[in-house]
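Source file: query_21.txt. Holds: compact mmCIF, C-alpha atoms and all ligand atoms.
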```
# COMPACT_ATOMS: atom_id res chain seq x y z
CA MET A 1 134.26 90.84 124.61
CA ALA A 2 130.60 91.22 125.44
CA LEU A 3 128.40 93.59 123.45
CA SER A 4 129.20 96.39 125.88
CA ASP A 5 132.85 96.25 124.68
CA TYR A 6 131.84 97.00 121.10
CA LYS A 7 131.25 100.60 120.10
CA SER A 8 130.31 100.56 116.42
CA ALA A 9 128.70 98.38 113.76
CA LEU A 10 128.06 98.23 110.03
CA VAL A 11 124.82 96.52 109.03
CA THR A 12 124.28 95.77 105.33
CA GLY A 13 120.76 95.36 104.00
CA ALA A 14 119.55 97.70 106.72
CA SER A 15 116.54 99.23 104.97
CA SER A 16 114.11 96.41 105.83
CA GLY A 17 113.58 93.06 107.55
CA ILE A 18 116.37 91.48 109.58
CA GLY A 19 118.84 94.29 108.85
CA ALA A 20 116.51 97.04 110.08
CA ALA A 21 115.62 95.00 113.21
CA THR A 22 119.34 94.55 113.89
CA VAL A 23 119.96 98.29 113.53
CA ARG A 24 117.18 98.91 116.08
CA ALA A 25 118.62 96.31 118.47
CA LEU A 26 122.19 97.63 118.26
CA THR A 27 121.36 101.35 118.45
CA GLY A 28 119.13 100.42 121.40
CA ARG A 29 122.26 99.04 123.11
CA GLY A 30 124.08 102.34 122.59
CA LEU A 31 126.24 101.44 119.58
CA THR A 32 127.02 103.76 116.67
CA VAL A 33 125.47 101.90 113.73
CA HIS A 34 126.17 102.51 110.05
CA ALA A 35 123.15 101.29 108.10
CA LEU A 36 123.76 100.38 104.45
CA ALA A 37 121.26 99.72 101.64
CA ARG A 38 120.04 101.26 98.34
CA ARG A 39 116.69 102.77 99.43
CA GLU A 40 117.61 106.19 100.77
CA GLN A 41 114.15 107.12 102.05
CA ARG A 42 113.90 103.93 104.12
CA LEU A 43 117.33 104.52 105.61
CA GLN A 44 116.46 108.11 106.42
CA GLU A 45 113.31 107.00 108.25
CA LEU A 46 115.37 104.45 110.19
CA ALA A 47 117.94 107.15 110.98
CA ASP A 48 115.18 109.47 112.27
CA GLU A 49 113.89 106.64 114.46
CA THR A 50 117.17 105.17 115.76
CA GLY A 51 119.98 107.65 115.17
CA CYS A 52 121.79 105.24 112.84
CA LEU A 53 124.05 106.65 110.13
CA PRO A 54 122.82 105.82 106.60
CA ILE A 55 125.09 104.68 103.77
CA VAL A 56 123.26 104.60 100.44
CA LEU A 57 125.15 102.09 98.30
CA ASP A 58 124.53 99.30 95.81
CA LEU A 59 126.74 96.49 97.08
CA ARG A 60 127.10 95.06 93.59
CA ASP A 61 129.26 98.09 92.75
CA ARG A 62 132.62 96.68 93.80
CA ASP A 63 134.60 99.91 93.48
CA ALA A 64 132.04 101.82 95.55
CA VAL A 65 132.26 99.16 98.27
CA TYR A 66 136.03 99.58 98.62
CA ASP A 67 135.87 103.38 98.21
CA HIS A 68 133.33 103.71 101.04
CA LEU A 69 134.29 100.91 103.39
CA ALA A 70 138.02 100.20 103.15
CA ALA A 71 138.99 102.72 105.83
CA PHE A 72 135.96 101.95 107.97
CA ASP A 73 136.76 101.26 111.64
CA VAL A 74 133.88 99.21 112.98
CA ASP A 75 133.84 96.60 115.72
CA ILE A 76 130.92 94.63 114.25
CA LEU A 77 130.03 93.72 110.67
CA VAL A 78 126.57 92.30 110.08
CA GLY A 79 126.72 91.06 106.48
CA ASN A 80 123.01 90.69 106.00
CA ALA A 81 122.07 92.01 102.52
CA GLY A 82 120.75 89.20 100.39
CA THR A 83 118.25 88.23 97.74
CA GLY A 84 116.49 85.13 96.45
CA ARG A 85 116.20 86.07 92.77
CA GLY A 86 115.71 82.87 90.77
CA MET A 87 114.02 81.05 93.65
CA GLU A 88 111.03 80.12 91.53
CA GLY A 89 113.10 77.33 89.99
CA PHE A 90 116.41 76.94 88.26
CA LEU A 91 114.88 76.13 84.89
CA SER A 92 112.78 79.29 84.88
CA ALA A 93 115.51 81.56 86.24
CA SER A 94 117.03 84.16 83.96
CA PRO A 95 120.78 84.68 83.58
CA GLU A 96 120.23 88.00 85.40
CA ASP A 97 118.62 86.18 88.36
CA ILE A 98 121.66 83.93 88.66
CA GLU A 99 124.08 86.84 88.56
CA THR A 100 122.07 89.11 90.88
CA THR A 101 121.84 86.46 93.59
CA LEU A 102 125.43 85.25 93.38
CA ASN A 103 126.80 88.80 93.07
CA LEU A 104 124.95 90.08 96.12
CA ASN A 105 124.90 87.01 98.37
CA VAL A 106 128.47 85.87 97.75
CA LEU A 107 130.71 88.32 95.90
CA SER A 108 129.63 91.52 97.62
CA LEU A 109 129.60 89.75 101.00
CA LEU A 110 133.26 88.88 100.41
CA HIS A 111 134.15 92.37 99.18
CA VAL A 112 132.57 94.02 102.24
CA LEU A 113 134.41 91.56 104.48
CA ARG A 114 137.70 92.17 102.64
CA ALA A 115 137.21 95.92 103.10
CA VAL A 116 136.49 96.01 106.85
CA LEU A 117 138.25 92.92 108.26
CA PRO A 118 141.88 94.19 108.12
CA GLY A 119 141.01 96.99 110.56
CA MET A 120 139.41 94.54 113.00
CA VAL A 121 142.44 92.25 112.86
CA LYS A 122 144.81 95.18 113.33
CA ARG A 123 142.86 96.36 116.39
CA ARG A 124 142.48 92.74 117.58
CA ARG A 125 138.82 93.49 118.17
CA GLY A 126 135.82 92.64 116.07
CA HIS A 127 132.93 90.35 115.30
CA VAL A 128 131.69 89.28 111.88
CA ILE A 129 128.08 88.13 111.64
CA HIS A 130 126.97 86.68 108.29
CA LEU A 131 123.41 85.81 107.34
CA GLY A 132 123.33 82.32 105.92
CA SER A 133 120.14 80.29 105.65
CA VAL A 134 118.82 76.81 106.28
CA ALA A 135 118.81 76.71 102.46
CA GLY A 136 122.60 76.70 102.66
CA LEU A 137 122.60 73.73 105.04
CA TYR A 138 119.90 71.48 103.57
CA PRO A 139 118.56 70.85 100.05
CA LEU A 140 115.35 72.87 99.63
CA TYR A 141 114.56 73.09 95.90
CA SER A 142 116.88 76.05 95.83
CA VAL A 143 119.68 75.65 93.32
CA ILE A 144 120.67 79.33 93.02
CA TYR A 145 119.78 80.71 96.45
CA GLY A 146 120.74 77.50 98.28
CA GLY A 147 123.97 77.43 96.30
CA SER A 148 124.76 81.00 97.30
CA LYS A 149 124.01 80.34 100.97
CA GLY A 150 125.99 77.09 100.84
CA ALA A 151 128.91 79.27 99.76
CA VAL A 152 128.24 81.61 102.70
CA HIS A 153 128.33 78.58 105.04
CA SER A 154 131.69 77.46 103.66
CA ILE A 155 133.04 81.02 103.76
CA ASN A 156 132.13 81.30 107.44
CA GLN A 157 133.64 77.97 108.38
CA ASN A 158 136.90 78.83 106.64
CA LEU A 159 136.87 82.36 108.02
CA ARG A 160 136.74 80.96 111.52
CA ILE A 161 139.98 79.09 110.82
CA GLU A 162 141.69 82.11 109.25
CA LEU A 163 140.72 84.29 112.22
CA MET A 164 142.17 81.91 114.82
CA GLY A 165 144.41 83.90 117.16
CA SER A 166 143.32 87.27 115.78
CA GLY A 167 140.89 88.12 118.58
CA VAL A 168 138.15 88.58 115.97
CA ARG A 169 135.06 86.40 116.32
CA SER A 170 132.68 85.20 113.61
CA THR A 171 129.16 83.83 113.60
CA GLU A 172 126.84 82.48 110.92
CA ILE A 173 123.12 82.92 111.48
CA CYS A 174 120.98 80.43 109.53
CA PRO A 175 117.28 81.24 109.71
CA GLY A 176 114.34 79.34 108.33
CA ARG A 177 111.29 81.28 107.21
CA VAL A 178 111.22 84.88 108.51
CA GLN A 179 108.37 87.28 107.74
CA THR A 180 110.06 90.12 105.83
CA GLU A 181 109.99 91.72 102.38
CA PHE A 182 112.41 89.07 101.14
CA PHE A 183 109.92 87.33 98.85
CA ASP A 184 108.56 90.61 97.43
CA ALA A 185 112.08 91.44 96.31
CA SER A 186 112.82 87.92 95.11
CA PHE A 187 109.74 87.16 92.97
CA ASP A 188 108.35 89.09 89.98
CA ASP A 189 104.99 87.31 90.34
CA ALA A 190 103.13 88.99 93.21
CA LYS A 191 100.87 85.94 93.71
CA LYS A 192 103.85 83.61 94.14
CA ALA A 193 105.48 86.10 96.51
CA GLU A 194 102.25 86.25 98.52
CA ALA A 195 102.05 82.44 98.69
CA MET A 196 105.63 82.29 100.00
CA LYS A 197 104.88 85.06 102.51
CA GLU A 198 101.80 83.31 103.87
CA PRO A 199 102.75 79.63 104.26
CA GLY A 200 100.02 79.05 106.85
CA ILE A 201 102.36 78.74 109.82
CA GLU A 202 103.58 81.17 112.43
CA GLN A 203 106.80 82.47 110.90
CA LEU A 204 109.82 83.93 112.66
CA THR A 205 110.02 87.70 113.01
CA ALA A 206 112.97 89.87 112.05
CA GLU A 207 113.27 90.70 115.76
CA ASP A 208 113.75 86.98 116.59
CA ILE A 209 116.81 86.97 114.34
CA ALA A 210 118.10 90.29 115.70
CA ASP A 211 117.83 88.78 119.20
CA ALA A 212 119.98 85.83 118.06
CA ILE A 213 122.55 88.23 116.63
CA VAL A 214 122.68 90.13 119.93
CA PHE A 215 123.09 86.81 121.79
CA ALA A 216 126.16 85.94 119.70
CA LEU A 217 127.65 89.42 120.08
CA ASP A 218 127.02 89.50 123.82
CA ALA A 219 128.78 86.20 124.54
CA PRO A 220 131.83 86.46 126.82
CA ARG A 221 135.23 86.89 125.17
CA ARG A 222 136.13 83.21 125.64
CA MET A 223 133.10 82.10 123.65
CA ASN A 224 132.60 82.14 119.87
CA VAL A 225 129.10 81.29 118.71
CA ASN A 226 129.96 79.59 115.41
CA LEU A 227 126.51 79.03 113.96
CA ILE A 228 122.93 79.56 115.04
CA GLU A 229 120.24 77.65 113.13
CA ILE A 230 116.70 78.85 113.84
CA GLN A 231 113.42 77.76 112.31
CA PRO A 232 109.78 78.35 113.01
CA THR A 233 108.44 75.58 115.23
CA GLU A 234 106.23 74.45 112.35
CA GLN A 235 109.03 74.19 109.77
CA THR A 236 111.72 71.55 109.56
CA PHE A 237 114.31 70.06 107.19
CA GLY A 238 114.86 66.80 105.37
CA GLY A 239 112.51 64.06 104.24
CA PHE A 240 112.43 62.18 100.97
CA THR A 241 110.69 63.36 97.82
CA MET A 242 109.73 60.78 95.20
CA ALA A 243 108.19 61.24 91.79
CA PRO A 244 107.87 58.92 88.80
CA ILE A 245 109.72 59.87 85.64
CA THR A 246 107.19 61.44 83.33
CA GLY A 247 107.47 61.44 79.55
CA GLY A 248 109.11 64.39 77.86
CA GLY A 249 107.85 66.32 74.86
N1 LIG B 1 113.29 86.10 105.14
C1 LIG B 1 113.69 84.84 105.23
O1 LIG B 1 112.86 83.90 105.29
C2 LIG B 1 115.17 84.52 105.30
C3 LIG B 1 115.54 83.21 105.67
C4 LIG B 1 116.88 82.88 105.73
C5 LIG B 1 117.84 83.84 105.46
N2 LIG B 1 117.48 85.10 105.10
C6 LIG B 1 118.55 86.05 104.78
O2 LIG B 1 118.45 87.16 105.64
C7 LIG B 1 119.01 88.30 105.01
C8 LIG B 1 118.05 89.48 105.14
O3 LIG B 1 116.86 89.18 104.45
P1 LIG B 1 115.42 89.73 104.88
O4 LIG B 1 114.56 88.56 105.09
O5 LIG B 1 115.55 90.73 105.96
O6 LIG B 1 114.97 90.39 103.49
P2 LIG B 1 114.66 91.89 103.04
O7 LIG B 1 113.69 92.54 103.97
O8 LIG B 1 114.30 91.78 101.58
O9 LIG B 1 116.07 92.62 103.20
C9 LIG B 1 117.08 92.55 102.23
C10 LIG B 1 117.97 93.78 102.41
O10 LIG B 1 119.04 93.70 101.44
C11 LIG B 1 119.17 94.98 100.83
N3 LIG B 1 119.73 94.87 99.49
C12 LIG B 1 119.23 94.14 98.44
N4 LIG B 1 119.99 94.31 97.35
C13 LIG B 1 121.00 95.18 97.71
C14 LIG B 1 122.10 95.75 97.03
N5 LIG B 1 122.34 95.47 95.74
N6 LIG B 1 122.91 96.59 97.70
C15 LIG B 1 122.68 96.90 99.00
N7 LIG B 1 121.67 96.35 99.71
C16 LIG B 1 120.83 95.51 99.07
C17 LIG B 1 117.74 95.52 100.79
O11 LIG B 1 117.74 96.94 100.72
P3 LIG B 1 117.56 97.84 99.42
O12 LIG B 1 116.55 97.16 98.54
O13 LIG B 1 117.11 99.15 99.99
O14 LIG B 1 118.94 97.92 98.82
C18 LIG B 1 117.22 95.08 102.15
O15 LIG B 1 117.60 96.01 103.13
C19 LIG B 1 119.32 87.89 103.56
O16 LIG B 1 120.69 87.57 103.43
C20 LIG B 1 118.48 86.63 103.39
O17 LIG B 1 119.03 85.77 102.41
C21 LIG B 1 116.17 85.47 105.02
```

Write out the structure in this file as C-alpha cells.
Amino acid sequence: MALSDYKSALVTGASSGIGAATVRALTGRGLTVHALARREQRLQELADETGCLPIVLDLRDRDAVYDHLAAFDVDILVGNAGTGRGMEGFLSASPEDIETTLNLNVLSLLHVLRAVLPGMVKRRRGHVIHLGSVAGLYPLYSVIYGGSKGAVHSINQNLRIELMGSGVRSTEICPGRVQTEFFDASFDDAKKAEAMKEPGIEQLTAEDIADAIVFALDAPRRMNVNLIEIQPTEQTFGGFTMAPITGGG
C-alpha cells in the first residue's frame, strides 16, 4: 500500500501552513485532494495552483461535518486543522480559548474521523494521518494546547489497536516548532505572536512536515509508521525548571 496505491485524500486545515504544503505534496503525486478550511479565498488560490478541490467548512460545526463528509470515499485523511488558543498561559486563558482549542483539536478531529473511517474500513483501504505535537508528548508550559495534543496522542494509539486487521493504517506526526501562521491565529497579542514566530533558531518548514507525511503514506503495505517526532535541530525536550515560591498578594 504505497502512496501510488492511494487515489484520493482529505486534508483538513488546508488553507495555510502544514495543510497547504501537504495538499501541494499530494496533488504533486497525482492524487485527488479535497482541501478543507474556513478561508475560501485561500482555498481557491490553492485550487488554482494545485487543482485541489476546496471544501469551505468550520469544523466546529458538528452537523456540517457529518453532512459533508459522512459519505466521503477517500483513501487518506490528514487530520491537520488545529489551533493553540490559550497558549499564553492557562491562568490568562478565556473560557472561549479553552473551548475553541479543545473543540477543534480534539472533538472535530474525532468527528471527521468518525465520518470518513467507516468507508475506509469497508473498502479495507485507507490511511489516517493525525497532527499531534511534541506538546502532546512532553510538558511544555502548555496546559490547554498540550492537553489537547496529549488527547490526540492517546486517540492515535488506541485507534491503531481498533484498526488492527482492518487494512487501514494510522500515523501520528508530532512536530516541534514549524514556521507557519499558527501563532498569528493562536495569539491576540501581535508582539507575543511575533516572539513565538521568531525564536532565534532555524525552524522547521511546513514542507519538512509534508515530506514526513509522504514518507509514512509511501511505506510498503507491511509497514505502519506509528509516530514520527520531528524537531528543529536547535530545539529539544525535557530539563528541570526550578523557581522559589514567591509571596502572594
Ligand atoms: N506550527 C507549529 O509549530 C506546530 C507544531 C506542532 C504541531 N502543529 C500542528 O500542526 C497543525 C497545522 O498547524 P500549522 O502550523 O500549519 O498552522 P496554521 O498555518 O495556523 O494552520 C491551521 C489550519 O487550520 C485551519 N482551521 C483553523 N480553525 C479551523 C476551523 N474551525 N475549521 C476548519 N479549519 C480550521 C486553518 O484554516 P482557516 O483559518 O482558513 O479555517 C488553517 O488552515 C495543527 O494541528 C497544529 O497544532 C503545529

Which polymer residues have any atom within 10 Å of an atom of Ser108 in chain A, counting only C-alpha atoms, with same-chain residues fewer than 6 positions away left out, as a PyMOL selection string?
chain A and resi 58-62+65+79+81-82+102+114

Give as a PyMOL selection string the residues surrounding ligand LIG 1 (chain B) up to a distance of 7 Å, considering only C-alpha atoms and all ligand atoms.
chain A and resi 12-19+36-39+57-60+80-84+104-105+131-134+174-183+185+206

Would you mind reading off the distance between CA of Leu217 in chain A and CA of Glu202 in chain A, one decimal, in Å?
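Taking CA of Leu217 in chain A and CA of Glu202 in chain A, their separation equals 26.6 Å.
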
Distance CA of Glu229 in chain A-CA of Val143 in chain A, one decimal place?
19.9 Å

Grab the CA of Arg42 in chain A to CA of Thr22 in chain A distance for me, in Å with one decimal place.
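The value is 14.6 Å.
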
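Considering the residues A:Gln44, A:Asn103, A:Thr27, A:Ser92 and counting all atoms listed in the file, Asp188 in chain A has its shortest atom-to-atom contact with A:Ser92.
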
Could you tell me which of A:Ala216, A:Leu204, A:Ile144, A:Ala35 comes closest to Glu172 in chain A if we count only C-alpha atoms?
A:Ala216

Counting all atoms listed in the file, what is within 9 Å of Arg124 in chain A, bar same-chain residues fewer than 4 positions away, as a list in words?
Gly119, Met120, Ser166, Gly167 and Val168 of chain A

Given the selection you just returned, output its residues as a file containing C-alpha atoms, formatted as a PDB file, in the frame of the given file.
```pdb
ATOM      1  CA  GLY A 119     141.010  96.990 110.560  1.00  0.00           C
ATOM      2  CA  MET A 120     139.410  94.540 113.000  1.00  0.00           C
ATOM      3  CA  SER A 166     143.320  87.270 115.780  1.00  0.00           C
ATOM      4  CA  GLY A 167     140.890  88.120 118.580  1.00  0.00           C
ATOM      5  CA  VAL A 168     138.150  88.580 115.970  1.00  0.00           C
TER       6      VAL A 168
END
```

Between A:Gly200, A:Pro220, A:Gly150, A:Leu91, which residue has the minimum interatomic distance to Tyr6 in chain A, considering only C-alpha atoms?
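For Tyr6 in chain A, the nearest of the given residues is A:Pro220.
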
Pick from A:Ser154, A:Gln203, A:Thr246, A:Ser142 nearest to Ile230 in chain A, counting only C-alpha atoms:
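Smallest separation from Ile230 in chain A among the options: A:Gln203.
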
Excluding His68 in chain A and its own-chain neighbours fewer than 5 positions away, which residues fall within 10 Å of it when counting all atoms listed in the file? Please give them as a list of chain:residue names.
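That gives A:Ile55, A:Leu57, A:Asp63, A:Val112, A:Ala115.
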
Restricting the output to C-alpha atoms, write the selected residues as a PDB file, keeping the file's coordinate frame.
```
ATOM      1  CA  ILE A  55     125.090 104.680 103.770  1.00  0.00           C
ATOM      2  CA  LEU A  57     125.150 102.090  98.300  1.00  0.00           C
ATOM      3  CA  ASP A  63     134.600  99.910  93.480  1.00  0.00           C
ATOM      4  CA  VAL A 112     132.570  94.020 102.240  1.00  0.00           C
ATOM      5  CA  ALA A 115     137.210  95.920 103.100  1.00  0.00           C
TER       6      ALA A 115
END
```

Out of A:Val214, A:Ile228, A:Met223, A:Leu26, which residue has the shortest atom-to-atom distance to Leu137 in chain A when counting only C-alpha atoms?
A:Ile228

Quick one: everything within 9 Å of Thr32 in chain A, counting only C-alpha atoms, minus sequence neighbours fewer than 3 positions away in the same chain. Send it as a PyMOL selection string.
chain A and resi 7-10+26-27+51-53

With distances taken over all atoms listed in the file, which of A:Ile213, A:Arg221, A:Glu88, A:Leu31 is nearest to Lys191 in chain A?
A:Glu88

Is it possible to dump range 161-194 of chain A as a PDB file, in the first residue's frame, including just N, CA and C atoms?
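And here's out_39.pdb as it stands now:
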```pdb
ATOM      1  N   ILE A 161      -4.951   0.248  17.667  1.00  0.00           N
ATOM      2  CA  ILE A 161      -5.452  -1.046  18.173  1.00  0.00           C
ATOM      3  C   ILE A 161      -6.800  -1.375  17.517  1.00  0.00           C
ATOM      4  N   GLU A 162      -7.692  -0.374  17.473  1.00  0.00           N
ATOM      5  CA  GLU A 162      -9.020  -0.649  16.900  1.00  0.00           C
ATOM      6  C   GLU A 162      -8.946  -0.984  15.416  1.00  0.00           C
ATOM      7  N   LEU A 163      -7.916  -0.507  14.738  1.00  0.00           N
ATOM      8  CA  LEU A 163      -7.814  -0.737  13.293  1.00  0.00           C
ATOM      9  C   LEU A 163      -7.088  -2.042  12.948  1.00  0.00           C
ATOM     10  N   MET A 164      -6.578  -2.723  13.966  1.00  0.00           N
ATOM     11  CA  MET A 164      -5.861  -3.984  13.713  1.00  0.00           C
ATOM     12  C   MET A 164      -6.713  -4.914  12.859  1.00  0.00           C
ATOM     13  N   GLY A 165      -6.151  -5.411  11.760  1.00  0.00           N
ATOM     14  CA  GLY A 165      -6.858  -6.365  10.917  1.00  0.00           C
ATOM     15  C   GLY A 165      -7.785  -5.731   9.901  1.00  0.00           C
ATOM     16  N   SER A 166      -7.893  -4.393   9.926  1.00  0.00           N
ATOM     17  CA  SER A 166      -8.824  -3.726   9.003  1.00  0.00           C
ATOM     18  C   SER A 166      -8.171  -3.387   7.664  1.00  0.00           C
ATOM     19  N   GLY A 167      -6.851  -3.416   7.621  1.00  0.00           N
ATOM     20  CA  GLY A 167      -6.145  -2.990   6.413  1.00  0.00           C
ATOM     21  C   GLY A 167      -5.938  -1.483   6.362  1.00  0.00           C
ATOM     22  N   VAL A 168      -6.456  -0.769   7.359  1.00  0.00           N
ATOM     23  CA  VAL A 168      -6.309   0.696   7.390  1.00  0.00           C
ATOM     24  C   VAL A 168      -5.144   1.047   8.317  1.00  0.00           C
ATOM     25  N   ARG A 169      -4.270   1.917   7.831  1.00  0.00           N
ATOM     26  CA  ARG A 169      -3.089   2.290   8.624  1.00  0.00           C
ATOM     27  C   ARG A 169      -3.314   3.639   9.311  1.00  0.00           C
ATOM     28  N   SER A 170      -2.532   3.909  10.340  1.00  0.00           N
ATOM     29  CA  SER A 170      -2.652   5.214  11.008  1.00  0.00           C
ATOM     30  C   SER A 170      -1.297   5.689  11.499  1.00  0.00           C
ATOM     31  N   THR A 171      -1.120   6.992  11.432  1.00  0.00           N
ATOM     32  CA  THR A 171       0.172   7.604  11.774  1.00  0.00           C
ATOM     33  C   THR A 171      -0.057   8.915  12.503  1.00  0.00           C
ATOM     34  N   GLU A 172       0.685   9.124  13.572  1.00  0.00           N
ATOM     35  CA  GLU A 172       0.671  10.417  14.265  1.00  0.00           C
ATOM     36  C   GLU A 172       1.961  11.161  13.942  1.00  0.00           C
ATOM     37  N   ILE A 173       1.828  12.413  13.528  1.00  0.00           N
ATOM     38  CA  ILE A 173       3.002  13.232  13.242  1.00  0.00           C
ATOM     39  C   ILE A 173       3.123  14.265  14.370  1.00  0.00           C
ATOM     40  N   CYS A 174       4.252  14.262  15.057  1.00  0.00           N
ATOM     41  CA  CYS A 174       4.440  15.167  16.201  1.00  0.00           C
ATOM     42  C   CYS A 174       5.583  16.141  15.921  1.00  0.00           C
ATOM     43  N   PRO A 175       5.269  17.311  15.387  1.00  0.00           N
ATOM     44  CA  PRO A 175       6.334  18.274  15.127  1.00  0.00           C
ATOM     45  C   PRO A 175       6.670  19.119  16.351  1.00  0.00           C
ATOM     46  N   GLY A 176       7.905  19.611  16.340  1.00  0.00           N
ATOM     47  CA  GLY A 176       8.270  20.738  17.200  1.00  0.00           C
ATOM     48  C   GLY A 176       7.932  22.005  16.436  1.00  0.00           C
ATOM     49  N   ARG A 177       8.744  23.032  16.612  1.00  0.00           N
ATOM     50  CA  ARG A 177       8.396  24.349  16.073  1.00  0.00           C
ATOM     51  C   ARG A 177       8.493  24.388  14.536  1.00  0.00           C
ATOM     52  N   VAL A 178       7.383  24.724  13.901  1.00  0.00           N
ATOM     53  CA  VAL A 178       7.309  24.853  12.444  1.00  0.00           C
ATOM     54  C   VAL A 178       6.928  26.289  12.115  1.00  0.00           C
ATOM     55  N   GLN A 179       7.569  26.866  11.123  1.00  0.00           N
ATOM     56  CA  GLN A 179       7.274  28.263  10.765  1.00  0.00           C
ATOM     57  C   GLN A 179       6.021  28.322   9.894  1.00  0.00           C
ATOM     58  N   THR A 180       4.901  28.685  10.537  1.00  0.00           N
ATOM     59  CA  THR A 180       3.612  28.797   9.835  1.00  0.00           C
ATOM     60  C   THR A 180       2.857  29.980  10.435  1.00  0.00           C
ATOM     61  N   GLU A 181       1.575  30.071  10.109  1.00  0.00           N
ATOM     62  CA  GLU A 181       0.737  31.143  10.676  1.00  0.00           C
ATOM     63  C   GLU A 181       0.131  30.744  12.017  1.00  0.00           C
ATOM     64  N   PHE A 182       0.556  29.603  12.540  1.00  0.00           N
ATOM     65  CA  PHE A 182      -0.053  29.034  13.740  1.00  0.00           C
ATOM     66  C   PHE A 182      -0.122  30.039  14.900  1.00  0.00           C
ATOM     67  N   PHE A 183       0.970  30.764  15.120  1.00  0.00           N
ATOM     68  CA  PHE A 183       0.989  31.667  16.277  1.00  0.00           C
ATOM     69  C   PHE A 183       0.195  32.946  16.015  1.00  0.00           C
ATOM     70  N   ASP A 184       0.091  33.362  14.759  1.00  0.00           N
ATOM     71  CA  ASP A 184      -0.785  34.503  14.436  1.00  0.00           C
ATOM     72  C   ASP A 184      -2.222  34.173  14.812  1.00  0.00           C
ATOM     73  N   ALA A 185      -2.626  32.944  14.505  1.00  0.00           N
ATOM     74  CA  ALA A 185      -4.010  32.538  14.780  1.00  0.00           C
ATOM     75  C   ALA A 185      -4.226  32.247  16.258  1.00  0.00           C
ATOM     76  N   SER A 186      -3.154  31.940  16.971  1.00  0.00           N
ATOM     77  CA  SER A 186      -3.303  31.480  18.355  1.00  0.00           C
ATOM     78  C   SER A 186      -3.219  32.606  19.382  1.00  0.00           C
ATOM     79  N   PHE A 187      -2.537  33.704  19.027  1.00  0.00           N
ATOM     80  CA  PHE A 187      -2.330  34.808  19.980  1.00  0.00           C
ATOM     81  C   PHE A 187      -3.092  36.049  19.534  1.00  0.00           C
ATOM     82  N   ASP A 188      -3.716  36.768  20.481  1.00  0.00           N
ATOM     83  CA  ASP A 188      -4.319  38.069  20.157  1.00  0.00           C
ATOM     84  C   ASP A 188      -3.245  39.151  20.104  1.00  0.00           C
ATOM     85  N   ASP A 189      -2.208  39.003  20.921  1.00  0.00           N
ATOM     86  CA  ASP A 189      -1.148  39.999  21.039  1.00  0.00           C
ATOM     87  C   ASP A 189      -0.108  39.763  19.932  1.00  0.00           C
ATOM     88  N   ALA A 190      -0.077  40.696  18.958  1.00  0.00           N
ATOM     89  CA  ALA A 190       0.793  40.513  17.795  1.00  0.00           C
ATOM     90  C   ALA A 190       2.268  40.418  18.194  1.00  0.00           C
ATOM     91  N   LYS A 191       2.661  41.152  19.265  1.00  0.00           N
ATOM     92  CA  LYS A 191       4.071  41.106  19.691  1.00  0.00           C
ATOM     93  C   LYS A 191       4.439  39.726  20.233  1.00  0.00           C
ATOM     94  N   LYS A 192       3.513  39.130  20.998  1.00  0.00           N
ATOM     95  CA  LYS A 192       3.781  37.789  21.530  1.00  0.00           C
ATOM     96  C   LYS A 192       3.812  36.763  20.396  1.00  0.00           C
ATOM     97  N   ALA A 193       2.909  36.947  19.430  1.00  0.00           N
ATOM     98  CA  ALA A 193       2.902  36.036  18.279  1.00  0.00           C
ATOM     99  C   ALA A 193       4.229  36.143  17.531  1.00  0.00           C
ATOM    100  N   GLU A 194       4.702  37.371  17.362  1.00  0.00           N
ATOM    101  CA  GLU A 194       5.962  37.607  16.641  1.00  0.00           C
ATOM    102  C   GLU A 194       7.125  36.948  17.383  1.00  0.00           C
TER     103      GLU A 194
END
```
